[in-house]
Amino acid sequence: MIDFSLTQEQQILQTQARDFAQNEIQPVVRIIEESNNPEIEPWEFCQKLFHKGSQLGFTSLMLPEELGGLGRKCIDLAIVLEEIGAVDVSIACSYFNVTAAMSLFIAKVGTTEQQKRILSFVNSEKPHLFSAVESESNVATSDVFCPIQDPNIGIKTTAVRDRDVYILNGRKSSLITNAGIADAYFIIARTAMDKPLRESLSLFYVEADTPGIKFSKKTQLIGWNASHHAEIYLDNVPVPVENMIGQEGEAAKLLMLCPEFSIGVAASYVGLARAAYEYALNYAKQRISWGRPIIEHQAVALKLVEMMINTQAARLMVWDAAQQAETSPQLATTVKAPAAETFAVDVAIKNAQTAFEILGGYGATKESLAGKFLADANIGYSYDFTREVFRLGIVNFL
Ligand SMILES: Cc1cc2nc3c(=O)[nH]c(=O)nc-3n(C[C@H](O)[C@H](O)[C@H](O)COP(=O)(O)OP(=O)(O)OC[C@H]3O[C@@H](n4cnc5c(N)ncnc54)[C@H](O)[C@@H]3O)c2cc1C
């Protein structure tokens with residue numbers, strides 16, 4: 001029998017995450033959203049929240065206890081991120097998911113020395129914020145999935161070995177999450193320009209204060225207002241050889257071992273889908289037309305039920321992928337996690353649009369949350385690969 005009920009421990013975690021999201025994150029998000037000021041630096045407001053959430057264990061949940069973590073499962077992270085995503089999907093994805101997933105990645109594939117050094121911040125006074133760096137402005141990020149074995153296709157940033165350091169040169173896209181505010185960067189670069197892309201990608205752990213790494217000013221987005229994105233310039237950045245994660249050319253293979261990143265994005269988007277549904281439901285119970293609440297008109301009722309059904313379906317896909325991440329990481333990475341992520345984003349986009357419709361003219365005002373839901377949901381379309389390209393990746397494993 002498959003049991004989808006949460007354990008008592010998971011229910012406590014869910015309540016803790018919900019209280020944190022609603023009582024502490026919500027007021028900060030409101031200040032950022034209402035400021036209407038493009039110059040605002042969200043990290044100044046969110047840093048304290050990130051530290052508090054990390055101290056609650058939300059970025060080290062899945063790390064083994066011997067590395068300072070709580071030794072919990074992927075589904076536990078999904079539970080936490082759904083709660084944070086329901087309040088603000090950009091905070092869930094940018095700060096908590098990136099850091100939790102990259103920490104787990106090190107725990108899985110790093111050497112013992114790397115695990116000790118890179119994860120030494122866990123349980124320290126100052127938790128670390130991570131950034132995962134792949135995309136480049138003049139290169140289609142979708143090239144990572146390209147089956148053509150042409151070395152000219154894909155990422156141009158290079159890493160050339162010079163005795164005990166690799167020298168990194170290149171320019172990363174203006175969409176890099178946490179660029180300029182992170183404590184450390186996981187940067188993908190090519191260690192061979194004469195080999196096909198996937199055989200030449202290597203991964204480097206680069207501390208923020210390494211000479212030669214610079215950042216543009218904050219990129220303005222249409223939504224995700226609580227997050228920070230910028231371009232990264234790498235100008236002869238020396239990275240010690242002991243900061244290479246895995247071996248030369250292994251980055252693509254190693255990242256296949258980490259479905260938790262996609263599952264975290266998916267869970268955050270289930271949160272957004274749920275929030276849009278609950279917001280529309282609440283409105284539909286109060287708004288009166290033709291003498292009765294609009295939820296009593298079947299045209300509205302059917303929309304609400306569809307929002308609820310789709311949200312529940314997306315959540316079950318996330319929990320299924322999280323389960324597979326424990327037992328069959330390969331299947332989780334290639335099929336279950338991208339399927340859950342693309343479906344959750346689809347549902348969030350649909351629910352945001354439906355909430356906008358149910359709110360009538362009020363949905364068009366900045367006073368309502370409909371515009372925020374729409375913008376934040378649509379950003380999910382191309383965060384962490386576009387939906388189509390992610391789906392094209394799945395077809396290879398059917
Ligand atoms: C908010 C946000 C945060 C981000 N954070 C990060 C980050 O932290 N680190 C990072 O490295 N990147 C980050 N990105 C970049 C993101 O990964 C890319 O924007 C995304 O993968 C899309 O890549 P692209 O913009 O190069 O689109 P392209 O690859 O240029 O695609 C353009 C269009 O063509 C379609 N397309 C391309 N190739 C094919 C094909 N073969 N078949 C069918 N259709 C195709 C795509 O679906 C899309 O519609 C972020 C993006 C956003 C929006």
# chains A, B, ... in the order shown; residues from 1 in each chain; ligands from 1
>>> residues_around(residues="His51 in chain A", least_positions_apart="2", cutoff="9 Å", atoms="only C-alpha atoms", output="PyMOL selection string")
chain A and resi 46-49+53-56+125-128
>>> write_last_selection(atoms="C-alpha atoms", output="CSV table (one decimal), in the first residue's frame")
chain,number,residue,atom,x,y,z
A,46,CYS,CA,16.1,38.9,3.0
A,47,GLN,CA,19.5,38.1,4.5
A,48,LYS,CA,18.2,37.9,8.1
A,49,LEU,CA,15.4,35.6,6.9
A,53,GLY,CA,15.7,29.7,8.0
A,54,SER,CA,19.2,28.2,7.8
A,55,GLN,CA,19.4,28.0,11.6
A,56,LEU,CA,16.1,26.2,11.5
A,125,GLU,CA,27.1,31.7,13.1
A,126,LYS,CA,27.0,32.8,9.5
A,127,PRO,CA,25.3,30.4,7.1
A,128,HIS,CA,26.6,30.5,3.5
>>> residues_near_ligand(ligand="ligand 1", cutoff="8 Å", atoms="only C-alpha atoms and all ligand atoms", output="number ranges by chain")
A: 94, 131-143, 145-146, 172-173, 175-179, 221, 224, 229, 379-389, 392
>>> residues_around(residues="Pro42 in chain A", least_positions_apart="2", cutoff="8 Å", atoms="only C-alpha atoms", output="list in words")
Ile32, Ile40, Glu44, Phe45, Cys46, Asn225, Ala226, Ser227 and His228 of chain A
>>> residues_around(residues="Asp3 in chain A", least_positions_apart="4", cutoff="12 Å", atoms="only C-alpha atoms", output="list in words")
Thr7, Leu316, Trp319, Asp320 and Gln323 of chain A
>>> write_last_selection(atoms="all heavy atoms", output="short mmCIF file (atom, residue, chain, number, x, y, z; two decimals), in the first residue's frame")
data_model
loop_
_atom_site.label_atom_id
_atom_site.label_comp_id
_atom_site.auth_asym_id
_atom_site.auth_seq_id
_atom_site.Cartn_x
_atom_site.Cartn_y
_atom_site.Cartn_z
N THR A 7 4.24 11.94 8.25
CA THR A 7 4.50 11.45 9.60
C THR A 7 4.31 12.61 10.58
O THR A 7 4.25 13.78 10.16
CB THR A 7 5.95 10.94 9.73
OG1 THR A 7 6.82 12.06 9.51
CG2 THR A 7 6.24 9.84 8.74
N LEU A 316 1.67 15.61 -5.71
CA LEU A 316 1.94 14.17 -5.68
C LEU A 316 3.12 13.81 -6.59
O LEU A 316 3.91 12.93 -6.28
CB LEU A 316 0.68 13.38 -6.07
CG LEU A 316 -0.45 13.41 -5.04
CD1 LEU A 316 -1.66 12.64 -5.53
CD2 LEU A 316 0.01 12.85 -3.69
N TRP A 319 6.22 14.69 -4.62
CA TRP A 319 6.51 13.71 -3.56
C TRP A 319 7.00 12.39 -4.16
O TRP A 319 7.87 11.73 -3.60
CB TRP A 319 5.26 13.49 -2.69
CG TRP A 319 4.95 14.69 -1.82
CD1 TRP A 319 5.61 15.89 -1.80
CD2 TRP A 319 3.91 14.80 -0.84
NE1 TRP A 319 5.04 16.74 -0.88
CE2 TRP A 319 3.99 16.09 -0.28
CE3 TRP A 319 2.91 13.94 -0.39
CZ2 TRP A 319 3.11 16.55 0.71
CZ3 TRP A 319 2.04 14.39 0.60
CH2 TRP A 319 2.15 15.67 1.15
N ASP A 320 6.43 12.02 -5.30
CA ASP A 320 6.88 10.80 -5.97
C ASP A 320 8.35 10.95 -6.41
O ASP A 320 9.18 10.06 -6.19
CB ASP A 320 5.97 10.54 -7.18
CG ASP A 320 6.40 9.35 -8.01
OD1 ASP A 320 6.76 8.32 -7.40
OD2 ASP A 320 6.38 9.43 -9.25
N GLN A 323 10.60 10.76 -3.46
CA GLN A 323 10.75 9.36 -3.04
C GLN A 323 11.78 8.65 -3.91
O GLN A 323 12.67 7.96 -3.43
CB GLN A 323 9.37 8.69 -3.19
CG GLN A 323 9.27 7.28 -2.74
CD GLN A 323 9.30 7.19 -1.22
OE1 GLN A 323 8.92 8.15 -0.56
NE2 GLN A 323 9.78 6.09 -0.69
#
>>> select_by_dssp(residues="range 171-337 of chain A", states="alpha helix (DSSP H)", output="PyMOL selection string")
chain A and resi 197-200+251-255+260-286+298-327+329-331+337
>>> closest_atom_pairs(of="range 330-377 of chain A", to="range 84-93 of chain A", cutoff="10 Å", atoms="only C-alpha atoms", output="Markdown table")
| residue | atom | partner | partner_atom | distance |
| --- | --- | --- | --- | --- |
| A:Lys372 | CA | A:Asp88 | CA | 9.4 |
| A:Phe373 | CA | A:Asp88 | CA | 9.2 |
| A:Asp376 | CA | A:Val89 | CA | 7.0 |
| A:Ala377 | CA | A:Val89 | CA | 8.3 |
>>> closest_residue(among="A:Gly223, A:Ile75, A:Arg30, A:Gly68", to="Leu6 in chain A", atoms="only C-alpha atoms")
A:Ile75
>>> residues_around(residues="Pro329 in chain A", least_positions_apart="4", cutoff="7 Å", atoms="only C-alpha atoms", output="list of chain:residue names")
A:Leu257, A:Pro259, A:Gln324, A:Ala325, A:Thr333
>>> atom_distance(atom1="CA of Pro27 in chain A", atom2="CA of Gln14 in chain A")
19.4 Å
>>> residues_around(residues="range 300-302 of chain A", least_positions_apart="6", cutoff="8 Å", atoms="only C-alpha atoms", output="ChimeraX atom specification")
/A:284,294,358
>>> closest_residue(among="A:Asp183, A:Asp150, A:Glu231, A:Glu250", to="Thr210 in chain A", atoms="only C-alpha atoms")
A:Asp183
>>> closest_residue(among="A:Thr112, A:Thr59, A:Asn378, A:Ser368", to="Tyr283 in chain A", atoms="only C-alpha atoms")
A:Ser368
>>> closest_residue(among="A:Thr334, A:Thr327, A:Asn396, A:Ser202", to="Glu248 in chain A", atoms="only C-alpha atoms")
A:Ser202
>>> residues_around(residues="Phe397 in chain A", least_positions_apart="6", cutoff="12 Å", atoms="only C-alpha atoms", output="PyMOL selection string")
chain A and resi 330-336+338-339+391
>>> closest_residue(among="A:Ala17, A:Ala78, A:Ala348, A:Asn37", to="Lys52 in chain A", atoms="only C-alpha atoms")
A:Ala17
>>> atom_distance(atom1="CA of Leu67 in chain A", atom2="CA of Trp43 in chain A")
27.1 Å
>>> closest_residue(among="A:Thr191, A:Asn123, A:Ser35, A:Asn169", to="Phe58 in chain A", atoms="only C-alpha atoms")
A:Asn123
>>> select_by_dssp(residues="range 136-299 of chain A", states="strand (DSSP E or B)", output="ChimeraX atom specification")
/A:136,139,158-162,165-177,184-190,201-207,213-215,229-240,244-245,288-289,292-293
